[in-house]
file upload_9.cif (mmCIF, C-alpha atoms)
data_structure
loop_
_atom_site.label_atom_id
_atom_site.label_comp_id
_atom_site.auth_asym_id
_atom_site.auth_seq_id
_atom_site.Cartn_x
_atom_site.Cartn_y
_atom_site.Cartn_z
CA MET M 1 -48.11 143.50 12.34
CA ASP M 2 -46.07 146.71 12.30
CA LYS M 3 -46.87 148.75 15.41
CA GLN M 4 -44.43 151.62 14.91
CA THR M 5 -45.50 155.25 14.76
CA GLY M 6 -46.88 156.57 11.50
CA THR M 7 -48.14 153.20 10.34
CA TYR M 8 -51.90 153.49 10.88
CA THR M 9 -54.16 153.68 7.87
CA ALA M 10 -57.12 155.87 8.83
CA ILE M 11 -60.58 155.16 7.44
CA ILE M 12 -62.97 158.13 7.53
CA LEU M 13 -66.68 157.34 7.24
CA ALA M 14 -68.12 160.38 5.48
CA ALA M 15 -71.51 159.42 4.02
CA ASP M 16 -74.85 160.55 5.44
CA ARG M 17 -76.90 157.83 7.10
CA SER M 18 -80.05 159.11 5.41
CA THR M 19 -81.38 161.96 3.30
CA GLY M 20 -82.49 165.18 4.91
CA ASP M 21 -79.78 165.34 7.57
CA PRO M 22 -80.71 168.18 9.97
CA VAL M 23 -77.14 169.46 10.29
CA ALA M 24 -76.74 169.64 6.51
CA GLU M 25 -80.11 171.37 6.20
CA GLN M 26 -79.17 173.88 8.90
CA THR M 27 -75.89 174.80 7.20
CA GLY M 28 -77.05 174.48 3.60
CA ALA M 29 -74.30 171.95 2.87
CA PRO M 30 -74.83 169.18 0.29
CA CYS M 31 -74.16 166.59 3.03
CA LYS M 32 -73.43 166.59 6.75
CA SER M 33 -69.69 165.98 6.41
CA LEU M 34 -69.34 169.20 4.41
CA SER M 35 -71.20 171.25 7.02
CA PRO M 36 -68.83 173.97 8.26
CA VAL M 37 -67.75 174.22 11.89
CA ASP M 38 -66.20 177.61 12.59
CA GLY M 39 -66.01 178.11 8.83
CA ILE M 40 -64.31 174.84 7.86
CA PRO M 41 -66.18 171.72 6.62
CA MET M 42 -66.11 168.98 9.25
CA VAL M 43 -64.57 166.38 6.98
CA LEU M 44 -61.66 168.71 6.20
CA ARG M 45 -61.09 169.21 9.92
CA VAL M 46 -60.89 165.45 10.36
CA ILE M 47 -58.57 165.03 7.37
CA GLU M 48 -56.31 167.77 8.74
CA ALA M 49 -56.22 166.23 12.24
CA LEU M 50 -55.29 162.83 10.83
CA GLY M 51 -52.76 164.34 8.45
CA ASN M 52 -50.97 166.06 11.34
CA ALA M 53 -51.03 163.02 13.64
CA THR M 54 -47.70 161.23 13.93
CA GLU M 55 -49.41 157.84 14.24
CA VAL M 56 -51.20 158.03 10.87
CA GLY M 57 -49.51 157.45 7.54
CA SER M 58 -52.42 157.45 5.08
CA CYS M 59 -56.19 157.88 4.86
CA ILE M 60 -59.13 156.31 3.05
CA LEU M 61 -62.25 158.46 2.72
CA CYS M 62 -65.47 156.43 2.42
CA GLY M 63 -67.99 158.74 0.80
CA PRO M 64 -69.48 161.13 0.11
CA SER M 65 -70.46 160.53 -3.50
CA LYS M 66 -68.45 161.89 -6.41
CA GLU M 67 -71.35 164.21 -7.23
CA ILE M 68 -71.10 165.78 -3.79
CA ILE M 69 -67.30 165.93 -3.87
CA ASN M 70 -67.54 167.88 -7.13
CA GLN M 71 -69.47 170.55 -5.21
CA SER M 72 -66.55 171.08 -2.82
CA PRO M 73 -63.32 172.32 -4.46
CA GLU M 74 -61.59 172.14 -1.05
CA LEU M 75 -62.38 168.46 -0.60
CA GLY M 76 -61.50 167.75 -4.20
CA GLN M 77 -58.12 169.38 -3.64
CA ALA M 78 -57.54 167.37 -0.46
CA LEU M 79 -58.18 164.14 -2.36
CA LYS M 80 -55.36 164.94 -4.78
CA LYS M 81 -52.78 164.20 -2.09
CA ASP M 82 -50.87 160.95 -2.46
CA ASN M 83 -51.65 159.73 1.05
CA ILE M 84 -55.44 159.99 0.85
CA HIS M 85 -57.73 157.84 -1.28
CA TRP M 86 -61.48 157.81 -1.89
CA LEU M 87 -63.86 154.86 -1.92
CA PRO M 88 -67.62 154.93 -2.51
CA ASN M 89 -69.59 154.34 0.66
CA ARG M 90 -71.72 151.26 1.19
CA GLU M 91 -75.18 150.96 2.73
CA THR M 92 -74.08 151.35 6.37
CA PRO M 93 -70.98 152.44 8.32
CA SER M 94 -70.12 148.83 9.15
CA THR M 95 -70.35 147.64 5.54
CA SER M 96 -68.34 150.68 4.41
CA THR M 97 -65.70 149.80 6.99
CA TYR M 98 -65.61 146.17 5.91
CA GLU M 99 -65.16 147.20 2.28
CA ALA M 100 -62.40 149.69 3.13
CA LEU M 101 -60.57 147.05 5.17
CA GLN M 102 -60.19 145.04 1.97
CA HIS M 103 -58.05 147.88 0.57
CA VAL M 104 -55.50 148.24 3.37
CA ASP M 105 -52.15 146.62 4.09
CA GLN M 106 -52.98 143.93 6.65
CA ASP M 107 -49.52 144.32 8.16
CA LYS M 108 -50.49 147.77 9.43
CA PRO M 109 -53.04 148.81 12.07
CA VAL M 110 -56.18 150.63 10.97
CA LEU M 111 -57.93 153.55 12.65
CA VAL M 112 -61.63 154.08 11.91
CA THR M 113 -63.36 157.37 12.66
CA THR M 114 -66.18 159.53 11.29
CA ALA M 115 -66.28 162.75 9.29
CA ASP M 116 -68.55 164.41 11.87
CA HIS M 117 -65.80 164.21 14.51
CA ALA M 118 -65.30 167.95 14.11
CA LEU M 119 -63.35 168.38 17.36
CA LEU M 120 -60.76 165.76 16.48
CA THR M 121 -57.16 166.89 16.96
CA PRO M 122 -53.78 165.30 16.24
CA GLU M 123 -53.28 165.03 19.99
CA ILE M 124 -56.49 163.00 20.42
CA VAL M 125 -55.54 160.75 17.50
CA ASP M 126 -52.01 160.14 18.75
CA TYR M 127 -53.16 159.57 22.32
CA PHE M 128 -55.58 156.86 21.25
CA CYS M 129 -53.45 155.23 18.57
CA SER M 130 -50.26 155.09 20.62
CA ARG M 131 -52.01 153.48 23.58
CA ALA M 132 -53.94 151.08 21.39
CA ARG M 133 -50.83 149.74 19.67
CA GLN M 134 -49.17 149.16 23.06
CA THR M 135 -51.89 146.69 24.05
CA ASN M 136 -52.35 143.04 23.15
CA TYR M 137 -55.84 143.74 21.79
CA ASP M 138 -57.07 142.77 18.36
CA LEU M 139 -59.58 145.61 18.50
CA ALA M 140 -59.46 148.75 20.64
CA VAL M 141 -62.27 151.26 21.16
CA ALA M 142 -61.97 154.76 22.58
CA LEU M 143 -64.31 155.52 25.46
CA ALA M 144 -64.81 158.56 27.65
CA SER M 145 -66.19 158.81 31.14
CA TYR M 146 -69.60 160.45 31.12
CA ASP M 147 -68.70 162.23 34.36
CA MET M 148 -65.72 163.85 32.64
CA LEU M 149 -67.83 164.78 29.62
CA SER M 150 -70.70 166.26 31.63
CA GLN M 151 -68.29 168.26 33.78
CA ALA M 152 -66.64 169.74 30.71
CA PHE M 153 -69.83 170.26 28.70
CA PRO M 154 -72.83 170.35 31.10
CA ASN M 155 -75.43 170.74 28.35
CA CYS M 156 -74.01 168.17 25.94
CA ARG M 157 -76.39 165.28 25.27
CA ARG M 158 -74.70 161.98 24.38
CA THR M 159 -75.71 158.34 24.34
CA VAL M 160 -74.46 156.87 27.62
CA THR M 161 -73.98 153.20 28.50
CA ARG M 162 -74.32 153.02 32.30
CA LEU M 163 -72.41 150.18 33.94
CA LYS M 164 -71.47 149.23 37.49
CA ASP M 165 -68.25 151.23 37.32
CA GLY M 166 -69.74 154.32 35.69
CA GLY M 167 -71.26 155.77 32.56
CA PHE M 168 -69.32 155.59 29.31
CA CYS M 169 -69.62 157.34 25.94
CA SER M 170 -68.22 156.27 22.59
CA CYS M 171 -65.58 158.48 20.98
CA ASN M 172 -66.00 157.18 17.41
CA LEU M 173 -62.40 155.96 17.34
CA PHE M 174 -61.70 152.29 16.65
CA ALA M 175 -58.33 150.60 16.16
CA PHE M 176 -58.24 147.39 14.14
CA LEU M 177 -54.86 146.11 15.29
CA THR M 178 -54.71 142.63 13.73
CA PRO M 179 -56.18 140.99 10.62
CA GLU M 180 -58.36 138.92 12.97
CA SER M 181 -60.08 142.11 14.07
CA TYR M 182 -61.58 142.64 10.62
CA SER M 183 -64.37 140.19 11.45
CA ALA M 184 -65.56 142.71 14.03
CA ALA M 185 -67.10 144.75 11.20
CA ASN M 186 -69.82 142.11 10.89
CA PHE M 187 -70.43 142.22 14.65
CA TRP M 188 -70.49 146.00 14.43
CA ARG M 189 -73.32 145.75 11.91
CA GLN M 190 -75.49 144.25 14.64
CA ILE M 191 -74.41 146.94 17.10
CA GLU M 192 -75.07 149.87 14.76
CA GLN M 193 -78.63 148.70 14.15
CA GLN M 194 -79.26 149.38 17.85
CA ARG M 195 -76.75 152.17 18.38
CA LYS M 196 -79.14 154.48 20.25
CA LYS M 197 -80.43 151.69 22.52
CA PRO M 198 -77.76 150.63 25.06
CA LEU M 199 -79.82 147.74 26.43
CA ARG M 200 -80.20 146.18 22.99
CA ILE M 201 -76.50 146.69 22.33
CA VAL M 202 -75.75 144.69 25.44
CA SER M 203 -78.25 141.99 24.39
CA VAL M 204 -76.14 141.23 21.32
CA CYS M 205 -73.56 139.95 23.79
CA GLY M 206 -75.88 137.34 25.35
CA TRP M 207 -78.68 137.15 27.88
CA MET M 208 -76.43 136.64 30.91
CA THR M 209 -74.79 139.90 30.00
CA VAL M 210 -78.23 141.52 29.80
CA LEU M 211 -79.16 140.18 33.23
CA ARG M 212 -76.00 141.49 34.83
CA PHE M 213 -76.54 144.81 33.06
CA LEU M 214 -80.11 145.08 34.38
CA LEU M 215 -78.96 144.24 37.90
CA GLY M 216 -76.28 146.91 37.71
CA ARG M 217 -73.50 144.35 38.10
CA LEU M 218 -71.88 144.51 34.68
CA THR M 219 -68.56 146.34 34.59
CA MET M 220 -66.92 147.74 31.49
CA GLU M 221 -64.11 145.18 31.66
CA GLU M 222 -66.53 142.27 32.00
CA GLY M 223 -68.65 143.59 29.15
CA LEU M 224 -65.62 143.83 26.87
CA GLN M 225 -64.54 140.32 27.82
CA ARG M 226 -67.97 138.98 26.93
CA ILE M 227 -67.94 140.87 23.62
CA SER M 228 -64.49 139.44 22.93
CA ARG M 229 -65.75 135.89 23.40
CA ARG M 230 -68.73 136.52 21.13
CA MET M 231 -66.48 137.89 18.39
CA GLY M 232 -63.71 135.35 18.86
CA LEU M 233 -61.02 137.98 19.42
CA LYS M 234 -59.65 140.23 22.15
CA ALA M 235 -61.30 143.64 22.39
CA GLY M 236 -60.46 146.33 24.90
CA ALA M 237 -60.95 150.00 25.68
CA VAL M 238 -58.66 152.98 25.72
CA MET M 239 -60.02 155.54 28.16
CA MET M 240 -59.64 159.03 26.76
CA ILE M 241 -58.66 162.04 28.87
CA GLN M 242 -59.95 164.64 26.39
CA PRO M 243 -63.69 165.27 26.87
CA GLU M 244 -64.07 166.65 23.34
CA ALA M 245 -63.07 163.21 22.02
CA ALA M 246 -66.62 162.10 22.82
CA VAL M 247 -68.35 164.99 21.04
CA ASP M 248 -69.40 164.49 17.44
CA VAL M 249 -71.93 166.49 15.45
CA ASP M 250 -75.15 164.51 15.26
CA THR M 251 -77.60 167.36 15.84
CA VAL M 252 -77.93 171.10 15.36
CA LYS M 253 -77.27 171.53 19.10
CA ASP M 254 -74.05 169.55 18.68
CA LEU M 255 -73.13 171.87 15.82
CA ASP M 256 -73.66 174.92 18.02
CA LEU M 257 -71.56 173.38 20.78
CA ALA M 258 -68.75 172.44 18.38
CA ASN M 259 -68.68 175.98 17.02
CA LYS M 260 -68.38 177.37 20.54
CA ILE M 261 -65.66 174.94 21.56
CA ILE M 262 -63.50 175.54 18.50
CA ALA M 263 -63.99 179.32 18.57
CA ASN M 264 -62.84 179.41 22.18
CA ARG M 265 -60.37 176.48 22.21
CA ASP M 266 -57.17 178.52 22.46
CA GLN M 267 -58.51 180.70 25.25
CA ILE M 268 -59.93 177.71 27.14
CA LEU M 269 -56.71 175.69 26.95
CA SER M 270 -54.55 178.64 28.01
CA GLN M 271 -56.72 179.19 31.07
CA THR M 272 -56.85 175.55 32.15
CA ASN M 273 -53.53 174.10 30.92
CA GLY M 274 -55.47 171.41 29.08
CA GLN M 275 -57.45 170.24 32.11
CA ASN M 276 -61.23 169.84 32.33
CA TYR M 277 -63.20 172.87 31.26
CA ALA M 278 -66.84 173.79 30.89
CA VAL M 279 -68.64 175.29 27.92
CA LYS M 280 -72.19 176.34 28.61
CA ASP M 281 -74.95 177.07 26.13
#
call {"tool": "encode", "arguments": {"input": "upload_9.cif", "output": "structure tokens"}}
result
Amino acid sequence: MDKQTGTYTAIILAADRSTGDPVAEQTGAPCKSLSPVDGIPMVLRVIEALGNATEVGSCILCGPSKEIINQSPELGQALKKDNIHWLPNRETPSTSTYEALQHVDQDKPVLVTTADHALLTPEIVDYFCSRARQTNYDLAVALASYDMLSQAFPNCRRTVTRLKDGGFCSCNLFAFLTPESYSAANFWRQIEQQRKKPLRIVSVCGWMTVLRFLLGRLTMEEGLQRISRRMGLKAGAVMMIQPEAAVDVDTVKDLDLANKIIANRDQILSQTNGQNYAVKD
């Protein structure tokens, strides 16, 4: 598999999980991914971040529907570019991912992210992708320390998996680095059904894993090793240093936070030289 820069195909999951999304209702957008953050629809922010990342060569947008796309001239214009293609979404994120994986060059790594990752930047993308392709993993996931996240954004509520070596939050960035990793989409389907219930997520990996989790003895590395064995491949984590990598827009409060972060990003970064910073409600 080619692991040079600019070779990732990025898959963007852009369909709503259900009707009546609260973020879409709050903004009056036809779907959540078109909800504006600081005046720009989230999905266009993600497309721009990926387009400016040196690690990414092309994109596949899964959803929203053609009917919704027709309501957004900006998105329609973005889809006219040669390096971005649209596919209809499937029933769930995992099945959409599996379908999109059938349309990529298996000699190239694949990055999967979501359209509600409104704070995504080229720097975050390149940081994750470059480190992922330097590993011997089949599948890499981006994780952030909850301590780092809570220090930067004290009022940010995220799903946290608490392990022996700390609390960890997903960053909605996944690197499928080998063709063998594609089978992980089926495993992911089981995970996404319990995505807001960390204990049940761990149970998918086996009861011994659950016991060690309950006793507070399960480390992140051990958990990933057990997941790897269950999937029949090697999975590992890339720890992110950017707290905003773990912030997506699931709720109206998330939307408010994202608006504040983006509106103040230049000022914040100039004051802290890119180090940890706090944004309070």
call {"tool": "atom_distance", "arguments": {"input": "upload_9.cif", "atom1": "atom CA of Pro93 of chain M", "atom2": "atom CA of Thr114 of chain M"}}
result
9.1 Å
call {"tool": "residues_around", "arguments": {"input": "upload_9.cif", "residues": "Asp254 of chain M", "least_positions_apart": "5", "cutoff": "12 Å", "atoms": "all atoms listed in the file", "output": "list in words"}}
result
Pro22, Val23, Gln26, Val37, Asp116, His117, Ala118, Leu119, Phe153, Asn155, Cys156, Arg157, Arg158, Glu244, Ala246, Val247, Asp248, Val249, Asn259, Lys260, Ile261 and Asp281 of chain M
call {"tool": "closest_residue", "arguments": {"input": "upload_9.cif", "among": "M:Trp188, M:Tyr8, M:Phe128, M:Tyr98", "to": "Ala144 of chain M", "atoms": "all atoms listed in the file"}}
result
M:Phe128
call {"tool": "atom_distance", "arguments": {"input": "upload_9.cif", "atom1": "atom CA of Pro30 of chain M", "atom2": "atom CA of Val112 of chain M"}}
result
23.2 Å
call {"tool": "closest_residue", "arguments": {"input": "upload_9.cif", "among": "M:Ile11, M:Val56, M:Ala115, M:Met148", "to": "Trp86 of chain M", "atoms": "all atoms listed in the file"}}
result
M:Ile11
call {"tool": "atom_distance", "arguments": {"input": "upload_9.cif", "atom1": "atom CA of Pro243 of chain M", "atom2": "atom CA of Ala132 of chain M"}}
result
18.1 Å
call {"tool": "build_atoms", "arguments": {"input": "upload_9.cif", "residues": "segment 54-75 of chain M", "atoms": "N, CA and C atoms", "output": "PDB file, in the coordinates of the input"}}
result
ATOM      1  N   THR M  54     -48.916 161.999  14.215  1.00  0.00           N
ATOM      2  CA  THR M  54     -47.700 161.230  13.930  1.00  0.00           C
ATOM      3  C   THR M  54     -47.970 159.748  13.774  1.00  0.00           C
ATOM      4  N   GLU M  55     -49.094 159.267  14.286  1.00  0.00           N
ATOM      5  CA  GLU M  55     -49.410 157.840  14.240  1.00  0.00           C
ATOM      6  C   GLU M  55     -50.004 157.408  12.900  1.00  0.00           C
ATOM      7  N   VAL M  56     -50.468 158.357  12.097  1.00  0.00           N
ATOM      8  CA  VAL M  56     -51.200 158.030  10.870  1.00  0.00           C
ATOM      9  C   VAL M  56     -50.334 158.291   9.643  1.00  0.00           C
ATOM     10  N   GLY M  57     -50.304 157.309   8.747  1.00  0.00           N
ATOM     11  CA  GLY M  57     -49.510 157.450   7.540  1.00  0.00           C
ATOM     12  C   GLY M  57     -50.319 157.728   6.291  1.00  0.00           C
ATOM     13  N   SER M  58     -51.577 157.257   6.260  1.00  0.00           N
ATOM     14  CA  SER M  58     -52.420 157.450   5.080  1.00  0.00           C
ATOM     15  C   SER M  58     -53.884 157.386   5.482  1.00  0.00           C
ATOM     16  N   CYS M  59     -54.757 157.841   4.581  1.00  0.00           N
ATOM     17  CA  CYS M  59     -56.190 157.880   4.860  1.00  0.00           C
ATOM     18  C   CYS M  59     -56.995 157.320   3.697  1.00  0.00           C
ATOM     19  N   ILE M  60     -58.124 156.712   4.033  1.00  0.00           N
ATOM     20  CA  ILE M  60     -59.130 156.310   3.050  1.00  0.00           C
ATOM     21  C   ILE M  60     -60.429 157.012   3.428  1.00  0.00           C
ATOM     22  N   LEU M  61     -60.986 157.768   2.500  1.00  0.00           N
ATOM     23  CA  LEU M  61     -62.250 158.460   2.720  1.00  0.00           C
ATOM     24  C   LEU M  61     -63.366 157.645   2.090  1.00  0.00           C
ATOM     25  N   CYS M  62     -64.313 157.194   2.910  1.00  0.00           N
ATOM     26  CA  CYS M  62     -65.470 156.430   2.420  1.00  0.00           C
ATOM     27  C   CYS M  62     -66.656 157.366   2.275  1.00  0.00           C
ATOM     28  N   GLY M  63     -66.950 157.762   1.031  1.00  0.00           N
ATOM     29  CA  GLY M  63     -67.990 158.740   0.800  1.00  0.00           C
ATOM     30  C   GLY M  63     -67.392 160.131   0.993  1.00  0.00           C
ATOM     31  N   PRO M  64     -68.170 161.167   0.747  1.00  0.00           N
ATOM     32  CA  PRO M  64     -69.480 161.130   0.110  1.00  0.00           C
ATOM     33  C   PRO M  64     -69.362 160.799  -1.373  1.00  0.00           C
ATOM     34  N   SER M  65     -70.459 160.903  -2.084  1.00  0.00           N
ATOM     35  CA  SER M  65     -70.460 160.530  -3.500  1.00  0.00           C
ATOM     36  C   SER M  65     -69.611 161.491  -4.322  1.00  0.00           C
ATOM     37  N   LYS M  66     -69.222 161.035  -5.508  1.00  0.00           N
ATOM     38  CA  LYS M  66     -68.450 161.890  -6.410  1.00  0.00           C
ATOM     39  C   LYS M  66     -69.207 163.167  -6.752  1.00  0.00           C
ATOM     40  N   GLU M  67     -70.536 163.040  -6.900  1.00  0.00           N
ATOM     41  CA  GLU M  67     -71.350 164.210  -7.230  1.00  0.00           C
ATOM     42  C   GLU M  67     -71.231 165.284  -6.146  1.00  0.00           C
ATOM     43  N   ILE M  68     -71.219 164.837  -4.897  1.00  0.00           N
ATOM     44  CA  ILE M  68     -71.100 165.780  -3.790  1.00  0.00           C
ATOM     45  C   ILE M  68     -69.682 166.334  -3.705  1.00  0.00           C
ATOM     46  N   ILE M  69     -68.697 165.472  -3.900  1.00  0.00           N
ATOM     47  CA  ILE M  69     -67.300 165.930  -3.870  1.00  0.00           C
ATOM     48  C   ILE M  69     -67.071 167.027  -4.905  1.00  0.00           C
ATOM     49  N   ASN M  70     -67.707 166.885  -6.061  1.00  0.00           N
ATOM     50  CA  ASN M  70     -67.540 167.880  -7.130  1.00  0.00           C
ATOM     51  C   ASN M  70     -68.103 169.247  -6.738  1.00  0.00           C
ATOM     52  N   GLN M  71     -68.922 169.285  -5.685  1.00  0.00           N
ATOM     53  CA  GLN M  71     -69.470 170.550  -5.210  1.00  0.00           C
ATOM     54  C   GLN M  71     -68.556 171.216  -4.180  1.00  0.00           C
ATOM     55  N   SER M  72     -67.465 170.542  -3.822  1.00  0.00           N
ATOM     56  CA  SER M  72     -66.550 171.080  -2.820  1.00  0.00           C
ATOM     57  C   SER M  72     -65.125 171.104  -3.370  1.00  0.00           C
ATOM     58  N   PRO M  73     -64.696 172.228  -3.937  1.00  0.00           N
ATOM     59  CA  PRO M  73     -63.320 172.320  -4.460  1.00  0.00           C
ATOM     60  C   PRO M  73     -62.277 172.008  -3.393  1.00  0.00           C
ATOM     61  N   GLU M  74     -62.558 172.390  -2.133  1.00  0.00           N
ATOM     62  CA  GLU M  74     -61.590 172.140  -1.050  1.00  0.00           C
ATOM     63  C   GLU M  74     -61.397 170.651  -0.824  1.00  0.00           C
ATOM     64  N   LEU M  75     -62.497 169.904  -0.799  1.00  0.00           N
ATOM     65  CA  LEU M  75     -62.380 168.460  -0.600  1.00  0.00           C
ATOM     66  C   LEU M  75     -61.733 167.816  -1.811  1.00  0.00           C
TER      67      LEU M  75
END
